[in-house]
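The structure file work-v7.cif is reproduced below (mmCIF, C-alpha atoms).
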data_query
#
loop_
_atom_site.label_atom_id
_atom_site.label_comp_id
_atom_site.auth_asym_id
_atom_site.auth_seq_id
_atom_site.Cartn_x
_atom_site.Cartn_y
_atom_site.Cartn_z
CA MET A 1 63.29 146.72 39.54
CA TYR A 2 61.07 147.39 42.51
CA GLU A 3 57.88 146.24 40.73
CA GLY A 4 59.59 143.06 39.53
CA SER A 5 60.53 142.03 43.05
CA GLY A 6 56.95 142.79 44.19
CA VAL A 7 55.54 140.34 41.67
CA GLY A 8 58.16 137.79 42.69
CA GLY A 9 57.16 138.17 46.33
CA LEU A 10 53.52 137.66 45.41
CA ILE A 11 54.31 134.44 43.57
CA VAL A 12 56.35 133.13 46.50
CA LEU A 13 53.56 134.04 48.91
CA SER A 14 50.89 132.34 46.84
CA LEU A 15 53.07 129.24 46.48
CA ILE A 16 53.47 129.08 50.25
CA ALA A 17 49.70 129.50 50.69
CA LEU A 18 49.08 126.69 48.20
CA MET A 19 51.53 124.45 50.05
CA ILE A 20 49.78 125.11 53.34
CA VAL A 21 46.37 124.33 51.78
CA PHE A 22 47.69 121.06 50.36
CA ALA A 23 49.43 120.13 53.58
CA LEU A 24 46.19 120.69 55.50
CA PHE A 25 43.85 119.18 52.93
CA PHE A 26 45.25 115.66 52.77
CA PRO A 27 45.34 114.89 56.51
CA LEU A 28 41.87 116.41 56.90
CA ALA A 29 40.48 114.39 54.00
CA PHE A 30 42.07 111.26 55.43
CA PHE A 31 40.55 111.93 58.82
CA TYR A 32 37.16 112.56 57.22
CA SER A 33 37.48 109.28 55.32
CA MET A 34 38.24 107.44 58.57
CA LEU A 35 35.24 108.91 60.37
CA PHE A 36 32.56 108.95 57.69
CA GLY A 37 33.64 106.43 55.04
CA GLY A 38 32.09 103.44 56.79
CA PHE A 39 28.92 105.37 57.53
CA HIS A 40 28.60 106.48 53.91
CA GLN A 41 29.06 102.93 52.65
CA SER A 42 26.54 101.36 55.00
CA ARG A 43 24.00 103.94 53.86
CA MET A 44 24.60 102.92 50.24
CA PHE A 45 24.12 99.29 51.23
CA LYS A 46 20.82 100.04 52.93
CA LYS A 47 19.51 101.87 49.86
CA LEU A 48 20.51 98.93 47.69
CA LEU A 49 18.70 96.45 49.95
CA ILE A 50 15.51 98.51 49.73
CA ARG A 51 15.69 98.52 45.93
CA GLU A 52 16.36 94.78 45.79
CA LYS A 53 13.36 94.11 47.98
CA LYS A 54 11.13 96.30 45.84
CA VAL A 55 12.08 94.53 42.60
CA SER A 56 11.72 91.05 44.05
CA GLU A 57 8.28 91.98 45.37
CA THR A 58 7.04 93.29 42.01
CA LEU A 59 8.42 90.28 40.14
CA GLY A 60 7.70 87.64 42.72
CA GLY A 61 11.16 86.22 42.08
CA ASP A 62 14.22 87.06 40.06
CA ASN A 63 14.31 87.98 36.39
CA ILE A 64 18.00 87.29 35.78
CA HIS A 65 19.75 83.92 35.73
CA THR A 66 22.90 82.35 34.33
CA LEU A 67 21.40 79.48 32.32
CA SER A 68 21.61 79.67 28.55
CA THR A 69 18.00 78.63 28.00
CA PRO A 70 14.87 80.41 29.25
CA ILE A 71 13.10 79.06 32.32
CA ASN A 72 9.67 80.65 32.31
CA LEU A 73 9.22 81.88 28.77
CA GLN A 74 8.05 79.46 26.08
CA LYS A 75 8.01 81.48 22.86
CA ILE A 76 10.71 84.05 22.14
CA SER A 77 10.06 86.81 19.64
CA GLN A 78 13.00 89.08 20.30
CA THR A 79 16.36 89.11 22.05
CA GLY A 80 18.80 91.84 22.92
CA LEU A 81 21.88 92.46 24.98
CA VAL A 82 21.26 94.05 28.37
CA MET A 83 24.17 95.45 30.33
CA ALA A 84 24.86 97.47 33.43
CA ASN A 85 28.06 98.67 35.03
CA ILE A 86 29.45 100.40 38.07
CA SER A 87 32.91 101.54 39.03
CA VAL A 88 33.73 101.56 42.70
CA GLY A 89 36.74 102.38 44.80
CA PRO A 90 37.61 101.88 48.47
CA SER A 91 37.89 104.93 50.68
CA TRP A 92 41.29 106.36 51.51
CA TRP A 93 41.11 104.86 54.97
CA GLN A 94 40.25 101.41 53.64
CA LEU A 95 43.06 101.71 51.11
CA PHE A 96 45.46 102.53 53.93
CA LEU A 97 44.26 99.61 56.06
CA GLY A 98 44.44 97.28 53.06
CA GLY A 99 47.99 98.42 52.37
CA ILE A 100 49.06 97.59 55.91
CA LYS A 101 47.22 94.26 55.89
CA SER A 102 48.78 93.17 52.61
CA PHE A 103 52.19 93.14 54.35
CA PHE A 104 51.07 90.24 56.51
CA GLY A 105 48.67 88.61 54.08
CA GLY A 106 45.35 87.09 54.95
CA GLN A 107 41.83 88.31 54.50
CA ILE A 108 41.54 92.02 53.78
CA GLN A 109 38.19 92.90 55.25
CA SER A 110 38.29 96.57 54.30
CA PHE A 111 38.01 95.69 50.60
CA ASP A 112 35.39 92.98 51.09
CA LYS A 113 32.64 95.45 51.78
CA ILE A 114 33.12 97.66 48.77
CA LEU A 115 33.54 94.74 46.37
CA ALA A 116 30.41 93.04 47.68
CA TYR A 117 28.57 96.31 47.26
CA GLY A 118 29.79 96.72 43.68
CA ARG A 119 28.72 93.23 42.63
CA ASN A 120 25.30 93.42 44.26
CA GLU A 121 24.68 96.88 42.88
CA VAL A 122 25.55 95.88 39.33
CA MET A 123 23.20 92.89 39.47
CA GLN A 124 20.45 95.12 40.78
CA ARG A 125 21.07 97.61 37.97
CA LEU A 126 20.79 94.80 35.45
CA ARG A 127 17.42 93.81 36.90
CA GLU A 128 16.19 97.39 36.76
CA GLN A 129 17.56 97.87 33.25
CA ALA A 130 15.75 94.73 32.08
CA LEU A 131 12.50 95.88 33.69
CA GLY A 132 12.85 99.33 32.16
CA GLU A 133 13.48 97.99 28.66
CA GLY A 134 10.59 95.53 28.96
CA TRP A 135 12.45 92.21 28.85
CA ASN A 136 10.68 89.32 30.53
CA GLU A 137 13.80 87.46 31.49
CA VAL A 138 17.56 87.89 31.21
CA ILE A 139 19.43 84.69 30.43
CA ASN A 140 23.13 83.82 30.45
CA VAL A 141 24.14 86.60 32.82
CA ARG A 142 27.86 87.14 33.25
CA VAL A 143 29.62 89.42 35.70
CA GLU A 144 33.07 90.67 34.82
CA THR A 145 35.59 92.64 36.79
CA SER A 146 38.19 94.89 35.28
CA MET A 147 40.68 97.51 36.35
CA VAL A 148 40.34 99.85 33.43
CA MET A 149 41.45 103.11 34.96
CA ASN A 150 44.94 101.90 35.69
CA LYS A 151 47.55 104.59 35.64
CA VAL A 152 50.56 102.75 34.33
CA LYS A 153 53.33 105.15 35.25
CA GLY A 154 56.61 104.04 36.70
CA GLY A 155 55.27 100.62 37.63
CA GLN A 156 52.66 101.92 40.06
CA GLN A 157 49.45 100.28 39.00
CA ASN A 158 45.98 101.44 39.97
CA LYS A 159 46.91 103.49 43.00
CA MET A 160 43.30 104.37 43.75
CA GLY A 161 42.20 100.76 43.67
CA THR A 162 39.21 101.48 41.44
CA LEU A 163 37.44 98.53 39.93
CA GLU A 164 34.75 98.26 37.34
CA PHE A 165 32.03 95.63 37.43
CA VAL A 166 30.04 94.81 34.33
CA ALA A 167 26.99 92.57 34.26
CA TYR A 168 25.50 91.59 30.95
CA GLY A 169 23.07 89.05 29.64
CA THR A 170 20.57 88.35 26.89
CA GLY A 171 17.17 89.89 27.42
CA ILE A 172 14.28 87.91 25.94
CA ARG A 173 10.61 88.55 25.39
CA MET B 1 19.01 90.82 17.50
CA THR B 2 21.89 90.49 19.87
CA SER B 3 22.66 87.75 22.33
CA ASN B 4 25.51 86.49 24.43
CA THR B 5 24.28 82.92 24.19
CA GLU B 6 25.67 80.57 21.55
CA THR B 7 22.30 80.07 19.93
CA ILE B 8 19.10 82.03 20.23
CA PRO B 9 16.41 79.74 21.67
CA GLY B 10 13.52 79.44 19.22
CA PHE B 11 15.62 80.50 16.23
CA THR B 12 17.82 78.57 13.83
CA ILE B 13 21.14 79.88 12.56
CA THR B 14 21.15 79.43 8.80
CA LYS B 15 24.40 81.17 7.92
CA SER B 16 27.52 82.32 9.72
CA LEU B 17 29.17 85.49 8.45
CA GLY B 18 32.32 85.61 10.53
CA VAL B 19 33.37 87.67 13.50
CA ALA B 20 31.96 91.17 13.88
CA THR B 21 34.09 93.50 15.97
CA GLY B 22 33.89 97.02 17.33
CA SER B 23 36.21 98.95 19.58
CA THR B 24 36.79 102.38 21.03
CA VAL B 25 39.41 104.06 23.18
CA ARG B 26 38.34 106.63 25.72
CA ALA B 27 40.06 108.79 28.29
CA LYS B 28 38.74 111.00 31.02
CA HIS B 29 39.69 114.65 31.14
CA ILE B 30 41.91 115.54 34.06
CA GLY B 31 39.35 117.67 35.93
CA LYS B 32 36.98 114.73 36.26
CA ASP B 33 39.91 112.51 37.18
CA ILE B 34 40.73 114.77 40.11
CA LEU B 35 37.08 115.00 41.14
CA ALA B 36 36.85 111.21 41.09
CA GLY B 37 39.90 111.12 43.35
CA LEU B 38 38.14 113.44 45.79
CA LYS B 39 34.95 111.38 45.64
CA ASN B 40 37.09 108.41 46.55
CA ILE B 41 37.82 109.86 50.01
CA VAL B 42 34.75 108.14 51.43
CA GLY B 43 34.77 105.33 48.87
CA GLY B 44 31.84 104.07 46.88
CA GLU B 45 30.72 104.67 43.34
CA LEU B 46 32.70 106.87 40.96
CA THR B 47 29.92 108.13 38.73
CA ALA B 48 32.25 109.79 36.22
CA TYR B 49 34.01 106.51 35.44
CA THR B 50 30.78 104.54 35.38
CA GLU B 51 29.31 106.88 32.78
CA LEU B 52 32.46 106.99 30.70
CA LEU B 53 32.75 103.22 30.53
CA MET B 54 29.08 102.71 29.76
CA GLU B 55 29.24 105.27 26.93
CA ALA B 56 32.34 103.60 25.56
CA ARG B 57 30.84 100.13 25.79
CA THR B 58 27.67 101.24 24.04
CA GLU B 59 29.78 102.81 21.31
CA ALA B 60 31.85 99.64 20.84
CA LEU B 61 28.65 97.60 20.68
CA GLY B 62 27.21 100.02 18.11
CA ARG B 63 30.30 99.68 15.93
CA MET B 64 30.10 95.92 16.19
CA MET B 65 26.47 96.05 15.07
CA MET B 66 27.44 98.24 12.11
CA ASP B 67 30.10 95.73 11.14
CA ALA B 68 27.55 92.91 11.38
CA ALA B 69 25.01 94.85 9.33
CA GLN B 70 27.61 95.44 6.60
CA ARG B 71 28.13 91.69 6.40
CA GLY B 72 24.40 91.26 5.90
CA ALA B 73 23.66 89.66 9.25
CA ASN B 74 20.39 90.01 11.09
CA ALA B 75 21.72 88.87 14.45
CA VAL B 76 24.94 88.72 16.46
CA VAL B 77 25.39 85.80 18.83
CA ASN B 78 27.92 84.95 21.52
CA ILE B 79 28.92 88.54 22.18
CA ARG B 80 31.95 89.07 24.43
CA PHE B 81 33.52 92.15 25.89
CA ALA B 82 37.18 92.77 26.50
CA THR B 83 38.73 95.69 28.32
CA SER B 84 42.30 96.86 28.42
CA SER B 85 44.00 99.96 29.74
CA VAL B 86 46.18 101.51 27.09
CA ALA B 87 48.13 104.19 28.98
CA GLY B 88 47.64 107.04 31.40
CA GLY B 89 44.00 106.47 32.26
CA ALA B 90 42.80 105.64 28.75
CA ALA B 91 40.68 102.53 28.38
CA GLU B 92 39.99 100.41 25.34
CA LEU B 93 36.62 98.72 25.15
CA PHE B 94 36.29 95.93 22.63
CA ALA B 95 33.14 94.04 21.71
CA TYR B 96 33.03 91.05 19.42
CA GLY B 97 30.57 88.40 18.39
CA THR B 98 29.56 86.09 15.56
CA ALA B 99 27.48 87.70 12.84
CA VAL B 100 24.78 85.26 11.72
CA VAL B 101 21.58 85.03 9.77
CA VAL B 102 18.76 83.57 11.84
CA THR B 103 15.26 82.44 10.97
CA ALA B 104 12.44 81.74 13.39
CA GLU B 105 11.66 78.08 13.98
CA GLY B 106 8.34 77.32 12.44
#
In structure tokens, what does this structure look like?
Amino acid sequence: MYEGSGVGGLIVLSLIALMIVFALFFPLAFFYSMLFGGFHQSRMFKKLLIREKKVSETLGGDNIHTLSTPINLQKISQTGLVMANISVGPSWWQLFLGGIKSFFGGQIQSFDKILAYGRNEVMQRLREQALGEGWNEVINVRVETSMVMNKVKGGQQNKMGTLEFVAYGTGIR
Amino acid sequence: MTSNTETIPGFTITKSLGVATGSTVRAKHIGKDILAGLKNIVGGELTAYTELLMEARTEALGRMMMDAAQRGANAVVNIRFATSSVAGGAAELFAYGTAVVVTAEG
């Protein structure tokens, strides 16, 4: 009898502790997102710009394009599909701002940044992938967007706002 | 050879063997789902999802190639991808294209 109530007390105590941790964690995480999210994202952008510059310097131009026929190459011996992807999501703070903004409509600037980053990054990955696999040129490049990690539960779709970008094209050499 | 163009420049399509398809359904285990949610605090790339989807897409493409090979094709042209979310964080990746026999233009 006595032991049983001791265990029960322990469970209640640990539950309360867990509740306190959760109650503290979310506001803190949100605050952290507000302070450092923008900083984190601009750092990613800077890294991307450096990589883009490096590739364009080594190639002296761009090796991907959306035409269905090659521009520089005359004789093709081999083709193959090249693809790259990235999944990105806005920070909690941006999600919150976007939620408020979507009441009134208009341009939602907080999502602009992360979507632009995703698209540019996926194109850059395609360039690097093509270079790594030894393709001279990538033709017919397409960029697609999808929301694959939707959690379809009770009508709430894609609460985290995660998007996936895919870029693919035909590598030729 | 694979291509997402309708014809392969420098090659002639001599025979069409129908549509080759390949698909796969993948889901993330819940631990990685939660970690991705935490990563999302500051926004940016969710590496776990990126890897999962790339793996799945490669798998779908591989199955499509197998299908094409069984039909006796030596190339697949006009490849397309389709994605759909089935339920509860599971994703279906579908790749399809036209299985053809090509010969190099003399």
Leaving out Gln94 in chain A and any residue of its chain fewer than 6 positions from it, which residues lie within 10 Å of it when counting only C-alpha atoms, given as a PyMOL selection string?
(chain A and resi 33-34+37-38+100+108-111+113-114) or (chain B and resi 41-43)
Given the file above and the PyMOL selection byres ((chain A) within 7 of (chain B)), which residues are selected, and can you give them as a PyMOL selection string?
chain A and resi 29+33+36-37+40-41+68-69+75-76+78-81+85-92+114+140+148-152+169-170
Can you pull out every residue within 10 Å of Leu131 in chain A, counting only C-alpha atoms, but drop anything in the same chain fewer than 5 positions away, and send it as a list of chain:residue names?
A:Val55, A:Leu59, A:Asn63, A:Arg125, A:Leu126, A:Asn136, A:Glu137, A:Val138, A:Gly171
Selection export as a JSON list (two decimals), in the coordinates of the input, atoms kept: C-alpha atoms:
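File part01.json, as written:
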[["chain", "number", "residue", "atom", "x", "y", "z"],
["A", 55, "VAL", "CA", 12.08, 94.53, 42.60],
["A", 59, "LEU", "CA", 8.42, 90.28, 40.14],
["A", 63, "ASN", "CA", 14.31, 87.98, 36.39],
["A", 125, "ARG", "CA", 21.07, 97.61, 37.97],
["A", 126, "LEU", "CA", 20.79, 94.80, 35.45],
["A", 136, "ASN", "CA", 10.68, 89.32, 30.53],
["A", 137, "GLU", "CA", 13.80, 87.46, 31.49],
["A", 138, "VAL", "CA", 17.56, 87.89, 31.21],
["A", 171, "GLY", "CA", 17.17, 89.89, 27.42]]
For a cut-off of 12 Å around (30.8, 100.4, 14.4), file coordinates, pick out all residues using only C-alpha atoms and list them as a PyMOL selection string.
chain B and resi 20-24+56-70+94-96
Would you put the residues from that selection into a file with C-alpha atoms, as a PDB file, in the frame of the given file?
ATOM      1  CA  ALA B  20      31.960  91.170  13.880  1.00  0.00           C
ATOM      2  CA  THR B  21      34.090  93.500  15.970  1.00  0.00           C
ATOM      3  CA  GLY B  22      33.890  97.020  17.330  1.00  0.00           C
ATOM      4  CA  SER B  23      36.210  98.950  19.580  1.00  0.00           C
ATOM      5  CA  THR B  24      36.790 102.380  21.030  1.00  0.00           C
ATOM      6  CA  ALA B  56      32.340 103.600  25.560  1.00  0.00           C
ATOM      7  CA  ARG B  57      30.840 100.130  25.790  1.00  0.00           C
ATOM      8  CA  THR B  58      27.670 101.240  24.040  1.00  0.00           C
ATOM      9  CA  GLU B  59      29.780 102.810  21.310  1.00  0.00           C
ATOM     10  CA  ALA B  60      31.850  99.640  20.840  1.00  0.00           C
ATOM     11  CA  LEU B  61      28.650  97.600  20.680  1.00  0.00           C
ATOM     12  CA  GLY B  62      27.210 100.020  18.110  1.00  0.00           C
ATOM     13  CA  ARG B  63      30.300  99.680  15.930  1.00  0.00           C
ATOM     14  CA  MET B  64      30.100  95.920  16.190  1.00  0.00           C
ATOM     15  CA  MET B  65      26.470  96.050  15.070  1.00  0.00           C
ATOM     16  CA  MET B  66      27.440  98.240  12.110  1.00  0.00           C
ATOM     17  CA  ASP B  67      30.100  95.730  11.140  1.00  0.00           C
ATOM     18  CA  ALA B  68      27.550  92.910  11.380  1.00  0.00           C
ATOM     19  CA  ALA B  69      25.010  94.850   9.330  1.00  0.00           C
ATOM     20  CA  GLN B  70      27.610  95.440   6.600  1.00  0.00           C
ATOM     21  CA  PHE B  94      36.290  95.930  22.630  1.00  0.00           C
ATOM     22  CA  ALA B  95      33.140  94.040  21.710  1.00  0.00           C
ATOM     23  CA  TYR B  96      33.030  91.050  19.420  1.00  0.00           C
TER      24      TYR B  96
END
Rounded to one decimal, what separation in Å do you get between CA of Ser102 in chain A and CA of Leu163 in chain A?
17.8 Å
For Gly98 in chain A, the nearest of the candidates A:Gln74, A:Pro27, A:Met19, A:Gly161, counting only C-alpha atoms
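Among the listed residues, the smallest separation from Gly98 in chain A belongs to A:Gly161.
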Point (20.3, 97.0, 33.1), cut-off 9 Å, counting only C-alpha atoms, residues as a list in words
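The requested residues, written out, are Val82, Met83, Ala84, Asn85, Val122, Met123, Gln124, Arg125, Leu126, Arg127, Glu128, Gln129, Ala130, Leu131, Gly132, Glu133, Ala167 and Tyr168 of chain A.
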Kindly export the residues of the current selection with C-alpha atoms, as a PDB file, in the frame of the given file.
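Final file, out-v2.pdb:
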ATOM      1  CA  VAL A  82      21.260  94.050  28.370  1.00  0.00           C
ATOM      2  CA  MET A  83      24.170  95.450  30.330  1.00  0.00           C
ATOM      3  CA  ALA A  84      24.860  97.470  33.430  1.00  0.00           C
ATOM      4  CA  ASN A  85      28.060  98.670  35.030  1.00  0.00           C
ATOM      5  CA  VAL A 122      25.550  95.880  39.330  1.00  0.00           C
ATOM      6  CA  MET A 123      23.200  92.890  39.470  1.00  0.00           C
ATOM      7  CA  GLN A 124      20.450  95.120  40.780  1.00  0.00           C
ATOM      8  CA  ARG A 125      21.070  97.610  37.970  1.00  0.00           C
ATOM      9  CA  LEU A 126      20.790  94.800  35.450  1.00  0.00           C
ATOM     10  CA  ARG A 127      17.420  93.810  36.900  1.00  0.00           C
ATOM     11  CA  GLU A 128      16.190  97.390  36.760  1.00  0.00           C
ATOM     12  CA  GLN A 129      17.560  97.870  33.250  1.00  0.00           C
ATOM     13  CA  ALA A 130      15.750  94.730  32.080  1.00  0.00           C
ATOM     14  CA  LEU A 131      12.500  95.880  33.690  1.00  0.00           C
ATOM     15  CA  GLY A 132      12.850  99.330  32.160  1.00  0.00           C
ATOM     16  CA  GLU A 133      13.480  97.990  28.660  1.00  0.00           C
ATOM     17  CA  ALA A 167      26.990  92.570  34.260  1.00  0.00           C
ATOM     18  CA  TYR A 168      25.500  91.590  30.950  1.00  0.00           C
TER      19      TYR A 168
END
List the spatial neighbours of Leu48 in chain A as a list in words - criterion: any atom at most 10 Å away, all atoms listed in the file, same-chain residues fewer than 3 positions off excluded.
Ser42, Arg43, Met44, Phe45, Arg51, Glu52, Lys53, Lys54, Tyr117, Asn120, Glu121, Gln124 and Arg125 of chain A
Hey, can you spit out that residue selection with C-alpha atoms as an mmCIF file, in the coordinates of the input?
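What landed in out-v3.cif:
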data_model
loop_
_atom_site.group_PDB
_atom_site.id
_atom_site.type_symbol
_atom_site.label_atom_id
_atom_site.label_comp_id
_atom_site.auth_asym_id
_atom_site.auth_seq_id
_atom_site.Cartn_x
_atom_site.Cartn_y
_atom_site.Cartn_z
ATOM 1 C CA SER A 42 26.540 101.360 55.000
ATOM 2 C CA ARG A 43 24.000 103.940 53.860
ATOM 3 C CA MET A 44 24.600 102.920 50.240
ATOM 4 C CA PHE A 45 24.120 99.290 51.230
ATOM 5 C CA ARG A 51 15.690 98.520 45.930
ATOM 6 C CA GLU A 52 16.360 94.780 45.790
ATOM 7 C CA LYS A 53 13.360 94.110 47.980
ATOM 8 C CA LYS A 54 11.130 96.300 45.840
ATOM 9 C CA TYR A 117 28.570 96.310 47.260
ATOM 10 C CA ASN A 120 25.300 93.420 44.260
ATOM 11 C CA GLU A 121 24.680 96.880 42.880
ATOM 12 C CA GLN A 124 20.450 95.120 40.780
ATOM 13 C CA ARG A 125 21.070 97.610 37.970
#
Step by step, gather every atom of range 17-24 of chain B that the file lists, find the box along x, y and z that holds them, add 3 Å on each side, and finally give centre and edge lengths in Å to one decimal, as JSON.
{"center_x": 33.0, "center_y": 93.9, "center_z": 14.7, "size_x": 13.6, "size_y": 22.9, "size_z": 18.6}
Gap from CA of Ser16 in chain B to CA of Ala73 in chain B - Å, one decimal
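Going from CA of Ser16 in chain B over to CA of Ala73 in chain B, I get 8.3 Å.
Residue nearest Gly72 in chain B within the list B:Leu35, B:Ala99, B:Val19, B:Ile30: B:Ala99 [criterion: smallest interatomic distance, only C-alpha atoms].
Between CA of Ile71 in chain A and CA of Ile172 in chain A the interatomic distance comes to 11.0 Å.
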